[in-house]
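Visitor: Below is the file start33.txt, which contains compact mmCIF, C-alpha atoms and all ligand atoms.
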```
# COMPACT_ATOMS: atom_id res chain seq x y z
CA MET W 4 -22.27 6.16 2.32
CA ILE W 5 -18.72 5.12 1.58
CA HIS W 6 -18.11 1.43 0.94
CA LEU W 7 -14.55 0.16 1.11
CA TYR W 8 -13.55 -3.17 -0.39
CA HIS W 9 -10.27 -3.97 1.28
CA PHE W 10 -8.05 -6.61 2.87
CA TRP W 11 -7.04 -6.29 6.49
CA SER W 12 -3.24 -6.41 6.03
CA SER W 13 -2.84 -4.92 2.55
CA THR W 14 -0.60 -1.84 2.44
CA CYS W 15 -2.83 -0.10 -0.10
CA SER W 16 -5.95 -0.81 1.98
CA ARG W 17 -4.24 0.53 5.08
CA LYS W 18 -3.39 3.71 3.22
CA VAL W 19 -7.07 4.30 2.53
CA ARG W 20 -8.11 3.41 6.08
CA ILE W 21 -5.61 5.96 7.48
CA CYS W 22 -7.08 8.61 5.18
CA LEU W 23 -10.68 7.77 6.14
CA ALA W 24 -9.72 8.07 9.81
CA GLU W 25 -7.89 11.38 9.27
CA LYS W 26 -11.00 12.75 7.60
CA GLY W 27 -13.34 11.27 10.19
CA ILE W 28 -15.41 9.65 7.44
CA GLU W 29 -17.78 6.81 8.33
CA TRP W 30 -17.48 3.84 6.04
CA SER W 31 -18.86 0.42 5.53
CA SER W 32 -16.39 -2.46 5.39
CA HIS W 33 -16.42 -5.18 2.74
CA HIS W 34 -13.53 -7.45 3.49
CA VAL W 35 -12.12 -9.15 0.39
CA ASP W 36 -10.02 -12.21 1.16
CA ILE W 37 -7.12 -11.97 -1.29
CA VAL W 38 -5.23 -14.90 0.25
CA GLU W 39 -7.22 -18.00 1.12
CA LYS W 40 -10.40 -17.49 -0.89
CA ARG W 41 -8.86 -15.29 -3.61
CA GLU W 42 -12.11 -13.32 -3.71
CA ASN W 43 -10.30 -10.55 -5.59
CA THR W 44 -10.30 -12.73 -8.70
CA GLU W 45 -14.00 -13.59 -8.53
CA GLU W 46 -16.23 -12.18 -11.24
CA TRP W 47 -18.31 -9.94 -8.94
CA TYR W 48 -15.14 -8.25 -7.69
CA VAL W 49 -13.41 -7.93 -11.07
CA ASP W 50 -16.61 -6.21 -12.23
CA ILE W 51 -15.89 -3.38 -9.80
CA ASN W 52 -12.09 -3.54 -9.93
CA PRO W 53 -10.94 -4.83 -13.33
CA LYS W 54 -7.37 -5.20 -12.04
CA GLY W 55 -8.50 -7.67 -9.36
CA VAL W 56 -6.70 -5.83 -6.56
CA VAL W 57 -7.74 -4.11 -3.37
CA PRO W 58 -8.76 -1.49 -2.39
CA THR W 59 -11.87 -0.27 -4.19
CA LEU W 60 -14.03 2.54 -2.89
CA VAL W 61 -17.68 2.92 -3.81
CA TYR W 62 -19.41 6.22 -3.16
CA ASN W 63 -23.04 6.65 -4.29
CA ASP W 64 -22.57 3.96 -6.94
CA GLN W 65 -19.40 5.67 -8.17
CA ILE W 66 -16.49 3.25 -8.22
CA ILE W 67 -12.98 4.48 -7.54
CA ILE W 68 -9.90 2.27 -7.77
CA GLU W 69 -6.16 2.88 -7.12
CA SER W 70 -5.33 3.77 -3.54
CA ASN W 71 -3.55 7.03 -4.42
CA ILE W 72 -6.52 8.20 -6.47
CA ILE W 73 -8.89 7.11 -3.69
CA ILE W 74 -7.09 9.17 -1.05
CA GLU W 75 -7.05 12.24 -3.31
CA PHE W 76 -10.77 11.70 -3.90
CA LEU W 77 -11.44 11.49 -0.15
CA ASN W 78 -9.43 14.63 0.44
CA GLU W 79 -11.58 16.49 -2.06
CA LEU W 80 -14.82 14.95 -0.84
CA VAL W 81 -14.44 16.24 2.71
CA ASN W 82 -12.77 19.59 3.31
CA GLU W 83 -11.28 19.19 6.76
CA PRO W 84 -8.57 18.48 7.62
CA GLU W 85 -6.96 19.56 4.34
CA LEU W 86 -4.38 16.95 3.36
CA MET W 87 -2.92 18.73 0.34
CA PRO W 88 -0.74 21.86 0.44
CA LYS W 89 -2.36 25.09 -0.72
CA ASP W 90 0.33 25.99 -3.24
CA PRO W 91 0.63 24.27 -6.62
CA TYR W 92 4.31 23.38 -6.05
CA GLY W 93 3.48 21.69 -2.75
CA ARG W 94 0.68 19.73 -4.42
CA ALA W 95 3.08 18.68 -7.18
CA GLN W 96 5.52 17.45 -4.50
CA VAL W 97 2.80 15.40 -2.81
CA ARG W 98 1.88 13.81 -6.14
CA LEU W 99 5.52 12.98 -6.77
CA TRP W 100 5.68 11.12 -3.44
CA LEU W 101 2.42 9.34 -4.23
CA ASP W 102 3.93 8.25 -7.53
CA ARG W 103 7.10 7.05 -5.77
CA SER W 104 5.07 5.17 -3.19
CA GLU W 105 3.45 3.15 -5.97
CA ASN W 106 6.05 2.89 -8.71
CA THR W 107 9.18 2.69 -6.59
CA VAL W 108 8.20 1.41 -3.16
CA HIS W 109 5.21 -0.84 -3.76
CA LYS W 110 6.78 -2.35 -6.87
CA ASN W 111 10.03 -3.22 -5.08
CA ILE W 112 8.59 -4.29 -1.74
CA ASN W 113 6.52 -6.79 -3.74
CA ILE W 114 9.79 -8.33 -4.97
CA LEU W 115 11.15 -8.53 -1.42
CA SER W 116 7.86 -9.88 -0.05
CA TRP W 117 7.71 -12.74 -2.55
CA ASN W 118 9.88 -15.24 -0.61
CA ARG W 119 9.21 -13.74 2.82
CA ARG W 120 5.45 -13.43 2.60
CA HIS W 121 3.72 -14.32 -0.64
CA MET W 122 5.08 -17.88 -1.06
CA LYS W 123 4.36 -18.66 2.61
CA ARG W 124 0.78 -17.53 2.54
CA MET W 125 0.12 -19.39 -0.74
CA ALA W 126 1.67 -22.57 0.66
CA HIS W 127 -1.74 -24.27 0.92
CA PHE W 128 -1.91 -24.34 -2.90
CA SER W 129 0.15 -26.81 -4.93
CA HIS W 130 2.57 -25.31 -7.46
CA GLN W 131 0.12 -26.15 -10.26
CA GLU W 132 -2.82 -24.56 -8.44
CA HIS W 133 -0.75 -21.47 -7.65
CA LEU W 134 0.32 -21.19 -11.29
CA GLY W 135 -3.31 -21.57 -12.41
CA ILE W 136 -4.37 -18.73 -10.10
CA LEU W 137 -1.61 -16.42 -11.32
CA GLU W 138 -2.10 -17.28 -15.00
CA ASN W 139 -5.70 -16.17 -14.66
CA PHE W 140 -4.93 -13.00 -12.72
CA PRO W 141 -7.16 -10.21 -14.07
CA ASP W 142 -4.48 -7.52 -14.48
CA PRO W 143 -2.07 -8.61 -17.23
CA ASP W 144 0.76 -6.48 -15.87
CA LYS W 145 0.61 -8.14 -12.45
CA ARG W 146 -0.11 -11.52 -14.06
CA PHE W 147 3.08 -11.51 -16.16
CA ALA W 148 5.25 -10.35 -13.25
CA MET W 149 3.88 -12.93 -10.83
CA VAL W 150 3.92 -15.88 -13.24
CA LYS W 151 7.55 -15.05 -14.04
CA ARG W 152 8.36 -14.91 -10.32
CA LEU W 153 6.68 -18.24 -9.66
CA LYS W 154 8.45 -19.93 -12.56
CA ASN W 155 11.92 -18.44 -12.03
CA GLY W 156 11.81 -17.48 -8.35
CA VAL W 157 13.06 -14.18 -6.98
CA THR W 158 16.82 -14.36 -7.24
CA GLU W 159 19.42 -12.88 -4.91
CA GLU W 160 20.22 -10.37 -7.64
CA ASP W 161 16.55 -9.31 -7.90
CA GLU W 162 16.49 -8.79 -4.14
CA LYS W 163 19.78 -6.88 -4.17
CA ASN W 164 18.47 -4.54 -6.86
CA ALA W 165 15.19 -3.97 -5.00
CA ILE W 166 17.11 -3.14 -1.82
CA THR W 167 19.35 -0.69 -3.69
CA ILE W 168 16.31 1.06 -5.17
CA LEU W 169 14.53 1.22 -1.80
CA THR W 170 17.69 2.44 -0.06
CA SER W 171 17.87 5.30 -2.52
CA PHE W 172 14.17 6.04 -1.81
CA MET W 173 14.91 6.12 1.93
CA ASP W 174 17.84 8.51 1.32
CA GLU W 175 15.46 10.86 -0.54
CA LEU W 176 12.83 10.56 2.15
CA ASP W 177 15.33 11.31 4.91
CA LYS W 178 16.55 14.35 2.97
CA ALA W 179 12.98 15.66 2.65
CA LEU W 180 12.37 15.09 6.36
CA SER W 181 15.58 16.90 7.28
CA LYS W 182 13.95 20.07 5.91
CA ASN W 183 10.31 19.52 6.84
CA VAL W 184 8.26 18.30 9.77
CA TRP W 185 6.24 16.09 7.44
CA VAL W 186 7.18 14.70 4.03
CA VAL W 187 5.99 17.82 2.21
CA GLY W 188 6.18 20.91 4.38
CA ASP W 189 5.06 21.39 7.96
CA ASN W 190 1.59 19.95 7.59
CA PHE W 191 0.58 16.31 7.46
CA THR W 192 -0.43 15.42 3.88
CA LEU W 193 -1.42 12.54 1.64
CA ALA W 194 2.31 11.95 1.06
CA ASP W 195 2.73 10.86 4.71
CA ILE W 196 -0.30 8.58 4.41
CA ALA W 197 0.90 6.96 1.18
CA ILE W 198 4.34 6.12 2.53
CA ALA W 199 3.52 4.98 6.08
CA PRO W 200 2.22 1.45 5.33
CA PHE W 201 5.39 0.60 3.44
CA ILE W 202 7.67 1.55 6.33
CA GLU W 203 5.56 -0.73 8.51
CA ARG W 204 5.90 -3.46 5.86
CA PHE W 205 9.72 -3.09 5.91
CA GLU W 206 9.50 -3.65 9.67
CA ALA W 207 7.08 -6.57 9.40
CA ASN W 208 9.36 -8.25 6.85
CA LYS W 209 12.37 -7.58 9.11
CA LEU W 210 14.17 -5.72 6.34
CA ASN W 211 16.60 -4.25 8.85
CA MET W 212 18.73 -2.55 6.21
CA LEU W 213 15.67 -0.45 5.27
CA ILE W 214 14.69 0.56 8.79
CA ASP W 215 18.04 1.75 10.04
CA PHE W 216 16.89 4.81 11.97
CA GLN W 217 20.43 5.47 13.24
CA LYS W 218 21.33 6.18 9.64
CA TRP W 219 18.00 7.80 8.71
CA GLY W 220 17.33 9.73 11.92
CA ASN W 221 14.86 12.12 10.29
CA ILE W 222 12.72 9.22 9.13
CA GLY W 223 12.96 7.70 12.61
CA ARG W 224 11.62 10.90 14.17
CA TRP W 225 8.79 11.15 11.57
CA TRP W 226 7.91 7.46 11.87
CA LEU W 227 7.42 7.66 15.65
CA GLU W 228 5.25 10.75 15.26
CA LEU W 229 3.21 9.12 12.51
CA GLN W 230 2.51 5.95 14.47
CA SER W 231 1.25 8.00 17.40
CA ARG W 232 -1.56 9.52 15.31
CA SER W 233 -4.98 8.13 16.03
CA SER W 234 -5.64 7.65 12.29
CA TYR W 235 -2.71 5.24 12.06
CA LYS W 236 -3.85 3.34 15.15
CA ILE W 237 -7.42 3.09 13.86
CA ALA W 238 -6.30 1.89 10.43
CA TYR W 239 -4.06 -0.78 11.93
CA SER W 240 -6.66 -1.88 14.47
CA PHE W 241 -8.67 -3.47 11.65
CA LYS W 242 -7.75 -7.12 12.15
CA LYS W 243 -8.34 -10.25 10.12
CA PRO W 244 -12.07 -11.02 10.36
CA ALA W 245 -12.72 -14.04 12.59
CA SER W 246 -14.48 -16.09 9.92
CA GLN W 247 -11.46 -15.93 7.59
N1 LIG L 301 -1.88 0.31 -7.54
C1 LIG L 301 -2.85 -0.41 -6.77
C2 LIG L 301 -2.18 -1.65 -6.22
C3 LIG L 301 -3.17 -2.51 -5.47
C4 LIG L 301 -2.57 -3.84 -5.07
O1 LIG L 301 -1.61 -4.35 -5.69
N2 LIG L 301 -3.17 -4.44 -4.05
C5 LIG L 301 -2.70 -5.71 -3.55
C6 LIG L 301 -2.71 -5.70 -2.03
S1 LIG L 301 -1.69 -4.40 -1.39
C7 LIG L 301 -3.65 -6.80 -4.02
O2 LIG L 301 -4.83 -6.62 -4.08
N3 LIG L 301 -3.10 -7.98 -4.38
C8 LIG L 301 -3.92 -9.06 -4.77
C9 LIG L 301 -3.13 -10.30 -5.06
O3 LIG L 301 -1.89 -10.26 -4.96
O4 LIG L 301 -3.74 -11.30 -5.39
C10 LIG L 301 -3.39 0.50 -5.66
O5 LIG L 301 -2.63 1.33 -5.17
O6 LIG L 301 -4.58 0.40 -5.33
```
Go through the file and emit its structure as structure tokens.
Guide:
Amino acid sequence: MIHLYHFWSSTCSRKVRICLAEKGIEWSSHHVDIVEKRENTEEWYVDINPKGVVPTLVYNDQIIIESNIIIEFLNELVNEPELMPKDPYGRAQVRLWLDRSENTVHKNINILSWNRRHMKRMAHFSHQEHLGILENFPDPDKRFAMVKRLKNGVTEEDEKNAITILTSFMDELDKALSKNVWVVGDNFTLADIAIAPFIERFEANKLNMLIDFQKWGNIGRWWLELQSRSSYKIAYSFKKPASQ
């Protein structure tokens, strides 16, 4: 049995839920409240995910972290449908998009989400409590970035830079989709899965300059197609559990 430790609205959790639905894999849900209860920083969770982030997948007592690694694992665990190209070059391209989704998109959307999302949902904590939480964050990399953001704020310049980087990502994505049906070639792959939740996050955060589908018509076409897939609908139908 597959056990998924995830948070209902986390982009990385959604990525894994889309993949599970594509593969038709049954899974058992363990919702981790990363906002109000901060369960991701509790000892039992850090024991399975030392970075203190979601998602984490557990398969037969084997623990797998990092959403991109999890979706590659799921693709290898169950043969059909194949979500990686057959040729080595195609697989390299998918991995490049997975890398971009984490190191370019996730990193920069986090900067843009700070004022729009993060500060609002942490508003029930005082500044001191918030600082205490972040100073004890399990992953030092994330800890340093978030403590710095809380102390100094996200400036207009930080936001401008993040938007420039994400605009350049969208240019690249549109170029790829001008040649292919899906991000890598004519078959749906892990690259499509890894990018989708971030486009939705641009929309949710009303980052209109990043969802200009007049300008990026190829992305607009792909995005409509992607949202019509049942895997996307299933992944997004997981709502905030009633007790939380
Ligand atoms: N590289 C990790 C990133 C995971 C990550 O940052 N998850 C966020 C939610 S999307 C999280 O758990 N944040 C916890 C927090 O901010 O306290 C992955 O892809 O799994």
Visitor: Taking all atoms listed in the file into account, report as number ranges by chain which residues have an atom no farther than 7 Å from an atom of ligand LIG 301 (chain L).
Guide: W: 13-16, 37-38, 41, 43, 55-58, 68-71, 105
Visitor: How many Å lie between atom CA of Asn78 of chain W and atom CA of Asn113 of chain W, rounded to one decimal?
Guide: 27.0 Å
Visitor: Using atom CA of Val61 of chain W and atom CA of His6 of chain W as the two end points, give the distance in Å to one decimal.
Guide: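 Straight-line distance from atom CA of Val61 of chain W to atom CA of His6 of chain W works out to 5.0 Å.
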Visitor: Once you count all atoms listed in the file, which residues end up no further than 8 Å from (-8.9, -5.4, 3.0) in the file's frame, shown as a list of chain:residue names?
Guide: W:Tyr8, W:His9, W:Phe10, W:Trp11, W:Ser12, W:Ser13, W:Ser16, W:Arg17, W:His33, W:His34, W:Val35, W:Asp36, W:Val57, W:Pro58
Visitor: Might you pull out every residue within 8 Å of segment 155-166 of chain W, with only C-alpha atoms counted and same-chain residues fewer than 6 positions away left off, and present them as a PyMOL selection string?
Guide: chain W and resi 111-112+114-115+117-118+213
Visitor: Find the nearest atom pair between each residue of segment 22-48 of chain W and segment 80-90 of chain W for residues within 10 Å, count all atoms listed in the file, give distances in Å to one decimal, sort rows by chain and ascending number, and present the table as a tab-separated table.
Guide:
```
residue	atom	partner	partner_atom	distance
W:Cys22	CA	W:Leu86	CA	9.0
W:Leu23	CA	W:Val81	CA	9.9
W:Glu25	CA	W:Pro84	CA	7.3
W:Lys26	CA	W:Pro84	CA	6.2
W:Gly27	CA	W:Glu83	CA	8.9
W:Ile28	CA	W:Val81	CA	8.2
```
Visitor: Axis-aligned box over every listed atom of segment 30-39 of chain W, padded by 5 Å per side: centre and edges in Å to one decimal, as AutoDock Vina command-line options?
Guide:
```
--center_x -12.0 --center_y -7.1 --center_z 2.4 --size_x 23.6 --size_y 31.8 --size_z 17.3
```
Visitor: Report, in Å with one decimal, the straight-line distance from atom CA of Asn63 of chain W to atom CA of Pro141 of chain W.
Guide: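 Computing it gives 25.1 Å between the two atoms.
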Visitor: Need to verify the contact set: Lys18 of chain W, 10 Å, all atoms listed in the file, exclusion of same-chain residues closer than 5 positions in sequence. Can you return it as a ChimeraX atom specification?
Guide: /W:13,23,58,70-71,73-74,193,195-201,235,238-239
Visitor: Can you pull out the residues contacting His133 of chain W? Cut-off 12 Å, using only C-alpha atoms, and skip same-chain residues under 3 positions away; I want them as a list in words.
Guide: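 My reading of the contact set: Val38, Glu39, Arg41, His121, Met122, Lys123, Arg124, Met125, Ala126, His127, Phe128, Ser129, His130, Ile136, Leu137, Glu138, Asn139, Phe140, Arg146, Met149, Val150, Arg152, Leu153 and Lys154 of chain W.
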Visitor: Considering only C-alpha atoms, can you say which of W:Tyr62, W:Trp225, W:Trp219, W:Tyr48 comes closest to Glu29 of chain W?
Guide: W:Tyr62
Visitor: So, with all atoms listed in the file as the atoms that count, which of W:Phe76, W:Pro53, W:Ser240, W:Ala24 lies closest to Pro143 of chain W?
Guide: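 Using all atoms listed in the file, the shortest distance to Pro143 of chain W belongs to W:Pro53.
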Visitor: From the set W:Thr170, W:Ser181, W:Gln96, W:Asn190, which residue has the shortest atom-to-atom contact distance to Gly220 of chain W, counting all atoms listed in the file?
Guide: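 Closest to Gly220 of chain W, using all atoms listed in the file: W:Ser181.
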Visitor: Give me, as a list of chain:residue names, all polymer residues having an atom no more than 10 Å from Gln65 of chain W, counting all atoms listed in the file and skipping those fewer than 5 positions away in the same chain.
Guide: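 Near Gln65 of chain W, the qualifying residues are W:Ile5, W:Ile51, W:Leu60.
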Visitor: Using only C-alpha atoms, can you tell me which of W:Glu206, W:Asp174, W:Glu228, W:Glu42 comes closest to Phe191 of chain W?
Guide: W:Glu228
Visitor: Have a look at W:Asn208, W:Ala245, W:Phe172, W:Lys236 and name the one nearest to Ser104 of chain W; count all atoms listed in the file.
Guide: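 When distances to Ser104 of chain W are compared using all atoms listed in the file, the smallest one comes from W:Phe172.
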Visitor: Which is closest to Gln230 of chain W among W:Leu99, W:Asp64, W:Val108, W:Glu203, if we use all atoms listed in the file?
Guide: W:Glu203
Visitor: Reconstruct N, CA, C and O atoms of segment 68-80 of chain W from the incomplete input and present them as an mmCIF file, keeping the file's coordinate frame.
Guide:
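Written file, part33.cif:
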```cif
data_model
loop_
_atom_site.group_PDB
_atom_site.id
_atom_site.type_symbol
_atom_site.label_atom_id
_atom_site.label_comp_id
_atom_site.auth_asym_id
_atom_site.auth_seq_id
_atom_site.Cartn_x
_atom_site.Cartn_y
_atom_site.Cartn_z
ATOM 1 N N ILE W 68 -10.980 3.223 -8.062
ATOM 2 C CA ILE W 68 -9.900 2.270 -7.770
ATOM 3 C C ILE W 68 -8.576 3.034 -7.691
ATOM 4 O O ILE W 68 -8.526 4.230 -7.971
ATOM 5 N N GLU W 69 -7.514 2.341 -7.300
ATOM 6 C CA GLU W 69 -6.160 2.880 -7.120
ATOM 7 C C GLU W 69 -6.097 3.693 -5.833
ATOM 8 O O GLU W 69 -6.652 4.802 -5.736
ATOM 9 N N SER W 70 -5.358 3.154 -4.878
ATOM 10 C CA SER W 70 -5.330 3.770 -3.540
ATOM 11 C C SER W 70 -4.925 5.249 -3.557
ATOM 12 O O SER W 70 -5.488 6.056 -2.816
ATOM 13 N N ASN W 71 -3.965 5.613 -4.408
ATOM 14 C CA ASN W 71 -3.550 7.030 -4.420
ATOM 15 C C ASN W 71 -4.658 7.935 -4.947
ATOM 16 O O ASN W 71 -4.818 9.073 -4.500
ATOM 17 N N ILE W 72 -5.410 7.416 -5.914
ATOM 18 C CA ILE W 72 -6.520 8.200 -6.470
ATOM 19 C C ILE W 72 -7.645 8.257 -5.430
ATOM 20 O O ILE W 72 -8.299 9.298 -5.258
ATOM 21 N N ILE W 73 -7.836 7.152 -4.716
ATOM 22 C CA ILE W 73 -8.890 7.110 -3.690
ATOM 23 C C ILE W 73 -8.603 8.146 -2.599
ATOM 24 O O ILE W 73 -9.491 8.897 -2.193
ATOM 25 N N ILE W 74 -7.351 8.230 -2.151
ATOM 26 C CA ILE W 74 -7.090 9.170 -1.050
ATOM 27 C C ILE W 74 -7.199 10.628 -1.530
ATOM 28 O O ILE W 74 -7.638 11.493 -0.787
ATOM 29 N N GLU W 75 -6.852 10.872 -2.774
ATOM 30 C CA GLU W 75 -7.050 12.240 -3.310
ATOM 31 C C GLU W 75 -8.541 12.549 -3.396
ATOM 32 O O GLU W 75 -8.984 13.646 -3.086
ATOM 33 N N PHE W 76 -9.313 11.535 -3.815
ATOM 34 C CA PHE W 76 -10.770 11.700 -3.900
ATOM 35 C C PHE W 76 -11.339 12.023 -2.521
ATOM 36 O O PHE W 76 -12.126 12.959 -2.362
ATOM 37 N N LEU W 77 -10.912 11.266 -1.510
ATOM 38 C CA LEU W 77 -11.440 11.490 -0.150
ATOM 39 C C LEU W 77 -11.063 12.874 0.348
ATOM 40 O O LEU W 77 -11.851 13.550 1.013
ATOM 41 N N ASN W 78 -9.855 13.300 0.003
ATOM 42 C CA ASN W 78 -9.430 14.630 0.440
ATOM 43 C C ASN W 78 -10.302 15.721 -0.164
ATOM 44 O O ASN W 78 -10.594 16.721 0.476
ATOM 45 N N GLU W 79 -10.734 15.491 -1.405
ATOM 46 C CA GLU W 79 -11.580 16.490 -2.060
ATOM 47 C C GLU W 79 -13.036 16.383 -1.627
ATOM 48 O O GLU W 79 -13.771 17.359 -1.649
ATOM 49 N N LEU W 80 -13.420 15.171 -1.229
ATOM 50 C CA LEU W 80 -14.820 14.950 -0.840
ATOM 51 C C LEU W 80 -15.149 15.670 0.463
ATOM 52 O O LEU W 80 -16.224 16.232 0.622
#
```
